[in-house]
Amino acid sequence: MRFAPLKAGTRISQAKCQLLESHKVKAGKSQQTTFVGDRDVAEWETPMNDHENLEQRFYKTTQSLPLPAEPKQCSPDMESHDISMTHLFSIEVTVQDSDNSPFANKYRASLPVVLFASPQVPIDANNKFVRSTSPNIDEDVASLSGLDVPPVYGAHLQDKVLNDLSKSLHV
């Protein structure tokens, strides 16, 4: 993440991140939503000390989402008939006018994210995801490369349309 103070002399003192999960369940097509719920999946603070690049006036920090190890603590995004689960990444940045100013402003922004649990990620005997324990983010990303991500439905522009299924099944 990169942050740039908009005014000279200001500094970013803190950034809090949060991953929220929303559930919507409907009783039927003609009925209104019968259940709407939210839960905090993860919450963490991003250190901002000594991240200022004086030449370009920005703060930079790199961090991976600390998703729970147990699948039941964080559901993947899905939408099926009358059930929907979505996720939102929210960040709150605290900006101070100067080092010795007692006043601070907080700014919030949110971004929708899509979480997908690949069937290729193994689950151990304790019903937890088996993950790399490396503190290096690049190694974590490399260990997850090659996982199958589902296609975006509706974006199948070059798929072959099967008009007659019996013709396609002949071997």
# chains A, B, ... in the order shown; residues from 1 in each chain; ligands from 1
$ residues_around --residues "Phe89 of chain A" --least-positions-apart "6" --cutoff "9 Å" --atoms "only C-alpha atoms" --output "PDB file with C-alpha atoms, in the first residue's frame"
ATOM      1  CA  CYS A  17      -7.015  -2.477   8.236  1.00  0.00           C
ATOM      2  CA  GLN A  18     -10.075  -4.680   8.525  1.00  0.00           C
ATOM      3  CA  LEU A  19     -11.566  -7.496   6.459  1.00  0.00           C
ATOM      4  CA  LEU A  20     -15.351  -7.712   6.759  1.00  0.00           C
ATOM      5  CA  ALA A 109     -11.807   3.922   2.522  1.00  0.00           C
ATOM      6  CA  SER A 110     -13.276   0.562   1.535  1.00  0.00           C
ATOM      7  CA  LEU A 111     -12.637  -1.768  -1.365  1.00  0.00           C
ATOM      8  CA  PRO A 112     -14.581  -4.915  -2.269  1.00  0.00           C
ATOM      9  CA  VAL A 113     -12.418  -8.043  -2.509  1.00  0.00           C
TER      10      VAL A 113
END
$ closest_residue --among "A:Val95, A:Ala104, A:Ala125, A:Val114" --to "Tyr59 of chain A" --atoms "only C-alpha atoms"
A:Val95
$ residues_around --residues "Met1 of chain A" --least-positions-apart "2" --cutoff "10 Å" --atoms "only C-alpha atoms" --output "list in words"
Phe3, Thr46, Tyr59, Lys60, Thr61, Thr62 and Gln63 of chain A
$ write_last_selection --atoms "N, CA and C atoms" --output "compact mmCIF listing (two decimals), in the first residue's frame"
# COMPACT_ATOMS: atom_id res chain seq x y z
N PHE A 3 0.72 5.45 0.57
CA PHE A 3 -0.04 6.58 1.08
C PHE A 3 0.74 7.85 0.82
N THR A 46 -1.15 -1.51 10.48
CA THR A 46 0.01 -1.47 9.61
C THR A 46 0.98 -0.44 10.16
N TYR A 59 4.35 7.20 1.88
CA TYR A 59 4.59 6.11 2.82
C TYR A 59 4.26 4.83 2.07
N LYS A 60 5.07 3.81 2.26
CA LYS A 60 4.84 2.55 1.56
C LYS A 60 4.95 1.41 2.56
N THR A 61 4.01 0.48 2.49
CA THR A 61 4.05 -0.70 3.33
C THR A 61 3.50 -1.88 2.53
N THR A 62 4.07 -3.05 2.74
CA THR A 62 3.62 -4.26 2.06
C THR A 62 3.24 -5.28 3.11
N GLN A 63 2.07 -5.86 2.92
CA GLN A 63 1.59 -6.83 3.91
C GLN A 63 0.55 -7.72 3.24
$ closest_residue --among "A:Gly9, A:Thr34, A:Gln96, A:Pro47" --to "Asp82 of chain A" --atoms "only C-alpha atoms"
A:Thr34
$ closest_residue --among "A:Pro5, A:Pro68, A:Pro76, A:Gly37" --to "Phe116 of chain A" --atoms "only C-alpha atoms"
A:Pro76
$ closest_residue --among "A:Arg2, A:Lys128, A:Lys24, A:Arg11" --to "Glu70 of chain A" --atoms "only C-alpha atoms"
A:Lys128
$ atom_distance --atom1 "atom CA of Met48 of chain A" --atom2 "atom CA of Gln73 of chain A"
28.3 Å
$ select_by_dssp --residues "segment 7-116 of chain A" --states "strand (DSSP E)" --output "ChimeraX atom specification"
/A:11-26,33-46,52-53,58-60,78-80,83-96,104-113
$ atom_distance --atom1 "atom CA of Ser101 of chain A" --atom2 "atom CA of Ala4 of chain A"
19.0 Å
